[in-house]
$ cat work.cif   # mmCIF, C-alpha atoms
data_coords
#
loop_
_atom_site.group_PDB
_atom_site.id
_atom_site.type_symbol
_atom_site.label_atom_id
_atom_site.label_comp_id
_atom_site.auth_asym_id
_atom_site.auth_seq_id
_atom_site.Cartn_x
_atom_site.Cartn_y
_atom_site.Cartn_z
ATOM 1 C CA MET A 287 0.000 0.000 0.000
ATOM 2 C CA ASN A 288 1.396 3.381 -0.987
ATOM 3 C CA SER A 289 -0.636 6.014 0.861
ATOM 4 C CA PRO A 290 0.387 9.676 0.742
ATOM 5 C CA ILE A 291 1.551 11.385 3.899
ATOM 6 C CA ALA A 292 -0.162 14.703 4.565
ATOM 7 C CA THR A 293 0.755 17.309 7.161
ATOM 8 C CA PHE A 294 -2.153 17.804 9.579
ATOM 9 C CA LEU A 295 -2.400 21.290 11.100
ATOM 10 C CA TRP A 296 -4.548 22.010 14.177
ATOM 11 C CA PHE A 297 -6.117 25.479 14.282
ATOM 12 C CA ASN A 298 -8.286 27.217 16.850
ATOM 13 C CA GLY A 299 -11.295 28.111 14.698
ATOM 14 C CA ASN A 300 -9.399 29.981 11.973
ATOM 15 C CA ALA A 301 -8.424 27.112 9.652
ATOM 16 C CA GLN A 302 -10.295 28.512 6.651
ATOM 17 C CA GLU A 303 -8.736 31.952 7.031
ATOM 18 C CA ALA A 304 -5.248 30.425 7.393
ATOM 19 C CA VAL A 305 -5.636 28.100 4.415
ATOM 20 C CA GLU A 306 -6.906 30.874 2.155
ATOM 21 C CA TYR A 307 -3.911 32.970 3.257
ATOM 22 C CA TYR A 308 -1.368 30.189 2.531
ATOM 23 C CA VAL A 309 -2.934 29.333 -0.848
ATOM 24 C CA SER A 310 -2.743 33.018 -1.833
ATOM 25 C CA ILE A 311 1.013 33.096 -1.121
ATOM 26 C CA PHE A 312 2.223 29.985 -2.928
ATOM 27 C CA PRO A 313 1.782 29.533 -6.679
ATOM 28 C CA GLU A 314 0.284 26.283 -7.894
ATOM 29 C CA SER A 315 -1.638 25.860 -4.645
ATOM 30 C CA LYS A 316 -5.299 25.111 -4.116
ATOM 31 C CA ILE A 317 -8.032 24.053 -1.731
ATOM 32 C CA ASN A 318 -9.157 20.540 -2.594
ATOM 33 C CA ARG A 319 -12.036 19.898 -0.200
ATOM 34 C CA THR A 320 -13.768 21.475 2.767
ATOM 35 C CA THR A 321 -15.639 19.335 5.290
ATOM 36 C CA LEU A 322 -18.236 20.977 7.517
ATOM 37 C CA LYS A 323 -19.007 20.035 11.116
ATOM 38 C CA PRO A 324 -22.071 17.762 11.067
ATOM 39 C CA ASP A 325 -23.225 18.200 14.661
ATOM 40 C CA GLU A 326 -24.061 20.943 17.130
ATOM 41 C CA PRO A 327 -22.666 23.272 18.298
ATOM 42 C CA GLY A 328 -21.138 24.802 15.215
ATOM 43 C CA ALA A 329 -23.082 22.754 12.655
ATOM 44 C CA GLY A 330 -22.199 23.955 9.205
ATOM 45 C CA SER A 331 -18.914 25.531 10.249
ATOM 46 C CA VAL A 332 -15.612 24.316 8.815
ATOM 47 C CA MET A 333 -14.157 21.183 10.387
ATOM 48 C CA THR A 334 -11.334 20.337 7.943
ATOM 49 C CA ILE A 335 -9.846 21.754 4.771
ATOM 50 C CA GLU A 336 -7.678 19.635 2.509
ATOM 51 C CA PHE A 337 -5.275 21.768 0.507
ATOM 52 C CA ASN A 338 -2.114 21.670 -1.537
ATOM 53 C CA LEU A 339 0.867 24.038 -1.377
ATOM 54 C CA ARG A 340 3.400 23.679 -4.189
ATOM 55 C CA GLY A 341 2.636 19.984 -4.562
ATOM 56 C CA GLU A 342 2.538 19.132 -0.841
ATOM 57 C CA GLU A 343 -0.646 17.900 0.814
ATOM 58 C CA PHE A 344 -2.004 19.434 4.016
ATOM 59 C CA ILE A 345 -5.124 19.136 6.122
ATOM 60 C CA ALA A 346 -6.229 22.021 8.343
ATOM 61 C CA PHE A 347 -8.473 21.154 11.282
ATOM 62 C CA ASN A 348 -10.500 23.500 13.483
ATOM 63 C CA GLY A 349 -9.743 21.623 16.686
ATOM 64 C CA GLY A 350 -9.971 24.343 19.307
ATOM 65 C CA PRO A 351 -7.561 25.892 21.805
ATOM 66 C CA GLN A 352 -6.171 22.665 23.325
ATOM 67 C CA PHE A 353 -3.044 22.562 21.128
ATOM 68 C CA GLN A 354 -0.869 25.264 19.638
ATOM 69 C CA PHE A 355 1.960 25.259 17.135
ATOM 70 C CA ASN A 356 5.562 25.396 18.337
ATOM 71 C CA GLU A 357 9.009 25.339 16.756
ATOM 72 C CA ALA A 358 9.353 21.562 17.081
ATOM 73 C CA ILE A 359 7.663 21.419 13.664
ATOM 74 C CA SER A 360 8.268 23.929 10.883
ATOM 75 C CA LEU A 361 7.616 24.129 7.180
ATOM 76 C CA MET A 362 10.697 24.801 5.077
ATOM 77 C CA VAL A 363 10.437 26.710 1.814
ATOM 78 C CA ALA A 364 13.520 26.110 -0.346
ATOM 79 C CA CYS A 365 14.119 29.228 -2.445
ATOM 80 C CA ASP A 366 16.302 29.608 -5.527
ATOM 81 C CA THR A 367 16.849 33.390 -5.459
ATOM 82 C CA GLN A 368 17.069 36.272 -3.007
ATOM 83 C CA GLU A 369 13.918 37.692 -4.575
ATOM 84 C CA GLU A 370 12.057 34.496 -3.746
ATOM 85 C CA ILE A 371 13.418 34.545 -0.176
ATOM 86 C CA ASP A 372 12.326 38.172 0.208
ATOM 87 C CA GLU A 373 8.852 37.544 -1.219
ATOM 88 C CA TYR A 374 7.998 34.550 0.961
ATOM 89 C CA TRP A 375 9.571 36.143 4.016
ATOM 90 C CA GLU A 376 7.545 39.347 3.671
ATOM 91 C CA LYS A 377 4.252 37.581 2.984
ATOM 92 C CA LEU A 378 4.548 34.975 5.727
ATOM 93 C CA LEU A 379 5.919 37.446 8.285
ATOM 94 C CA GLU A 380 2.924 39.791 7.873
ATOM 95 C CA GLY A 381 1.318 39.791 11.323
ATOM 96 C CA GLY A 382 3.874 37.271 12.589
ATOM 97 C CA VAL A 383 7.277 37.423 14.226
ATOM 98 C CA SER A 384 10.785 36.900 12.879
ATOM 99 C CA LEU A 385 12.997 34.500 14.774
ATOM 100 C CA ALA A 386 16.533 33.747 13.552
ATOM 101 C CA ALA A 387 18.473 32.127 10.706
ATOM 102 C CA GLY A 388 15.585 32.118 8.258
ATOM 103 C CA TRP A 389 12.903 31.130 10.783
ATOM 104 C CA LEU A 390 9.667 33.007 11.390
ATOM 105 C CA LYS A 391 6.293 32.396 12.973
ATOM 106 C CA ASP A 392 3.329 33.498 10.895
ATOM 107 C CA ARG A 393 0.217 35.213 12.227
ATOM 108 C CA TYR A 394 -1.280 31.805 13.067
ATOM 109 C CA GLY A 395 1.761 30.680 15.080
ATOM 110 C CA LEU A 396 3.017 28.216 12.453
ATOM 111 C CA SER A 397 6.826 28.149 12.123
ATOM 112 C CA TRP A 398 8.433 28.496 8.693
ATOM 113 C CA GLN A 399 12.002 28.317 7.465
ATOM 114 C CA ILE A 400 12.570 30.484 4.392
ATOM 115 C CA THR A 401 15.821 28.961 3.207
ATOM 116 C CA PRO A 402 18.001 29.314 0.143
ATOM 117 C CA ARG A 403 18.189 25.915 -1.527
ATOM 118 C CA GLU A 404 21.894 26.623 -2.030
ATOM 119 C CA ILE A 405 22.592 26.620 1.745
ATOM 120 C CA PHE A 406 22.925 22.843 1.730
ATOM 121 C CA THR A 407 25.681 22.990 -0.891
ATOM 122 C CA LEU A 408 27.433 25.924 0.782
ATOM 123 C CA MET A 409 27.565 24.078 4.126
ATOM 124 C CA ASN A 410 28.531 20.680 2.754
ATOM 125 C CA SER A 411 32.096 21.311 1.617
ATOM 126 C CA ALA A 412 35.093 19.091 2.321
ATOM 127 C CA ASP A 413 36.634 22.349 3.598
ATOM 128 C CA GLN A 414 35.457 22.522 7.220
ATOM 129 C CA GLN A 415 36.605 26.150 7.533
ATOM 130 C CA GLN A 416 34.309 27.055 4.659
ATOM 131 C CA ASN A 417 31.420 25.291 6.378
ATOM 132 C CA ALA A 418 32.208 27.115 9.631
ATOM 133 C CA ARG A 419 32.272 30.508 7.847
ATOM 134 C CA VAL A 420 28.896 29.860 6.260
ATOM 135 C CA MET A 421 27.448 28.734 9.601
ATOM 136 C CA ALA A 422 28.877 31.813 11.335
ATOM 137 C CA ALA A 423 27.379 34.101 8.683
ATOM 138 C CA MET A 424 24.048 32.280 8.886
ATOM 139 C CA ASN A 425 23.964 32.713 12.672
ATOM 140 C CA THR A 426 24.136 36.517 12.306
ATOM 141 C CA MET A 427 21.023 36.629 10.123
ATOM 142 C CA ILE A 428 17.331 36.893 10.781
ATOM 143 C CA LYS A 429 16.270 36.640 7.126
ATOM 144 C CA PHE A 430 18.789 34.893 4.888
ATOM 145 C CA ASP A 431 20.988 37.019 2.656
ATOM 146 C CA LEU A 432 22.121 34.699 -0.110
ATOM 147 C CA GLU A 433 24.994 36.884 -1.343
ATOM 148 C CA THR A 434 26.445 37.158 2.179
ATOM 149 C CA LEU A 435 26.292 33.379 2.530
ATOM 150 C CA ARG A 436 28.079 32.987 -0.793
ATOM 151 C CA ALA A 437 30.725 35.518 0.289
ATOM 152 C CA ALA A 438 31.266 33.607 3.530
ATOM 153 C CA SER A 439 31.662 30.414 1.535
ATOM 154 C CA ARG A 440 34.345 32.070 -0.634
ATOM 155 C CA GLY A 441 36.104 33.531 2.392
ATOM 156 C CA ASP A 442 35.121 37.108 1.480
ATOM 157 C CA TRP A 443 33.030 37.663 4.609
#

$ encode --input "work.cif" --output "structure tokens"
Amino acid sequence: MNSPIATFLWFNGNAQEAVEYYVSIFPESKINRTTLKPDEPGAGSVMTIEFNLRGEEFIAFNGGPQFQFNEAISLMVACDTQEEIDEYWEKLLEGGVSLAAGWLKDRYGLSWQITPREIFTLMNSADQQQNARVMAAMNTMIKFDLETLRAASRGDW
């Protein structure tokens, strides 16, 4: 059996708002199905929303206040350019809080890593000093600056 694995996100009554927000940010994203609560109280209100962000499956659930997001789970967006980093960072940070080294919490409390795809190559050199320079540069950043990371990799930082 080859069943897909979907990320299940627990919201406190604002799942529809959050999903519409996420789908508006990421191209090639869509809401696939909305399931309404069948019983009282709240009959007819949204229970779950199945959606897709850039090819990844998610389910948002209006579960209530019992559980909240924390940094133990984050969604990583691998970006190819500084422009892409800047765009996702600005949109997801709106109403949220920046953390460090490419991490932020959005307005719903969900943690995101807005990361240059290239970081994995820059930090995976046989030259351990190069890796240390890139890590040191990364640790000074809130939002990633791709050119600074490249400069650190070259030894120009």

$ resolve_selection --input "work.cif" --expression "the PyMOL selection byres ((chain A and resi 433) around 12)" --output "VMD selection string"
chain A and resid 367 to 369 371 402 404 to 405 408 420 423 to 424 430 to 432 434 to 440 442 to 443

$ resolve_selection --input "work.cif" --expression "the PyMOL selection byres ((chain A and resi 390-396) around 10)" --output "PyMOL selection string"
chain A and resi 295-298+300-301+303-304+354-357+359-361+375+377-389+397-400+428-429

$ resolve_selection --input "work.cif" --expression "the PyMOL selection byres ((chain A and resi 318) around 12)" --output "ChimeraX atom specification"
/A:305-306,309,315-317,319-321,334-339,341-346

$ closest_residue --input "work.cif" --among "A:Lys323, A:Pro313, A:Phe347, A:Ala364" --to "A:Phe294" --atoms "all atoms listed in the file"
A:Phe347

$ atom_distance --input "work.cif" --atom1 "atom CA of A:Thr401" --atom2 "atom CA of A:Arg340"
15.4 Å

$ atom_distance --input "work.cif" --atom1 "atom CA of A:Tyr308" --atom2 "atom CA of A:Gln352"
22.6 Å

$ decode --input "work.cif" --residues "stretch 370-415 of chain A" --atoms "C-alpha atoms" --output "mmCIF file, in the first residue's frame"
data_model
loop_
_atom_site.group_PDB
_atom_site.id
_atom_site.type_symbol
_atom_site.label_atom_id
_atom_site.label_comp_id
_atom_site.auth_asym_id
_atom_site.auth_seq_id
_atom_site.Cartn_x
_atom_site.Cartn_y
_atom_site.Cartn_z
ATOM 1 C CA GLU A 370 12.057 34.496 -3.746
ATOM 2 C CA ILE A 371 13.418 34.545 -0.176
ATOM 3 C CA ASP A 372 12.326 38.172 0.208
ATOM 4 C CA GLU A 373 8.852 37.544 -1.219
ATOM 5 C CA TYR A 374 7.998 34.550 0.961
ATOM 6 C CA TRP A 375 9.571 36.143 4.016
ATOM 7 C CA GLU A 376 7.545 39.347 3.671
ATOM 8 C CA LYS A 377 4.252 37.581 2.984
ATOM 9 C CA LEU A 378 4.548 34.975 5.727
ATOM 10 C CA LEU A 379 5.919 37.446 8.285
ATOM 11 C CA GLU A 380 2.924 39.791 7.873
ATOM 12 C CA GLY A 381 1.318 39.791 11.323
ATOM 13 C CA GLY A 382 3.874 37.271 12.589
ATOM 14 C CA VAL A 383 7.277 37.423 14.226
ATOM 15 C CA SER A 384 10.785 36.900 12.879
ATOM 16 C CA LEU A 385 12.997 34.500 14.774
ATOM 17 C CA ALA A 386 16.533 33.747 13.552
ATOM 18 C CA ALA A 387 18.473 32.127 10.706
ATOM 19 C CA GLY A 388 15.585 32.118 8.258
ATOM 20 C CA TRP A 389 12.903 31.130 10.783
ATOM 21 C CA LEU A 390 9.667 33.007 11.390
ATOM 22 C CA LYS A 391 6.293 32.396 12.973
ATOM 23 C CA ASP A 392 3.329 33.498 10.895
ATOM 24 C CA ARG A 393 0.217 35.213 12.227
ATOM 25 C CA TYR A 394 -1.280 31.805 13.067
ATOM 26 C CA GLY A 395 1.761 30.680 15.080
ATOM 27 C CA LEU A 396 3.017 28.216 12.453
ATOM 28 C CA SER A 397 6.826 28.149 12.123
ATOM 29 C CA TRP A 398 8.433 28.496 8.693
ATOM 30 C CA GLN A 399 12.002 28.317 7.465
ATOM 31 C CA ILE A 400 12.570 30.484 4.392
ATOM 32 C CA THR A 401 15.821 28.961 3.207
ATOM 33 C CA PRO A 402 18.001 29.314 0.143
ATOM 34 C CA ARG A 403 18.189 25.915 -1.527
ATOM 35 C CA GLU A 404 21.894 26.623 -2.030
ATOM 36 C CA ILE A 405 22.592 26.620 1.745
ATOM 37 C CA PHE A 406 22.925 22.843 1.730
ATOM 38 C CA THR A 407 25.681 22.990 -0.891
ATOM 39 C CA LEU A 408 27.433 25.924 0.782
ATOM 40 C CA MET A 409 27.565 24.078 4.126
ATOM 41 C CA ASN A 410 28.531 20.680 2.754
ATOM 42 C CA SER A 411 32.096 21.311 1.617
ATOM 43 C CA ALA A 412 35.093 19.091 2.321
ATOM 44 C CA ASP A 413 36.634 22.349 3.598
ATOM 45 C CA GLN A 414 35.457 22.522 7.220
ATOM 46 C CA GLN A 415 36.605 26.150 7.533
#
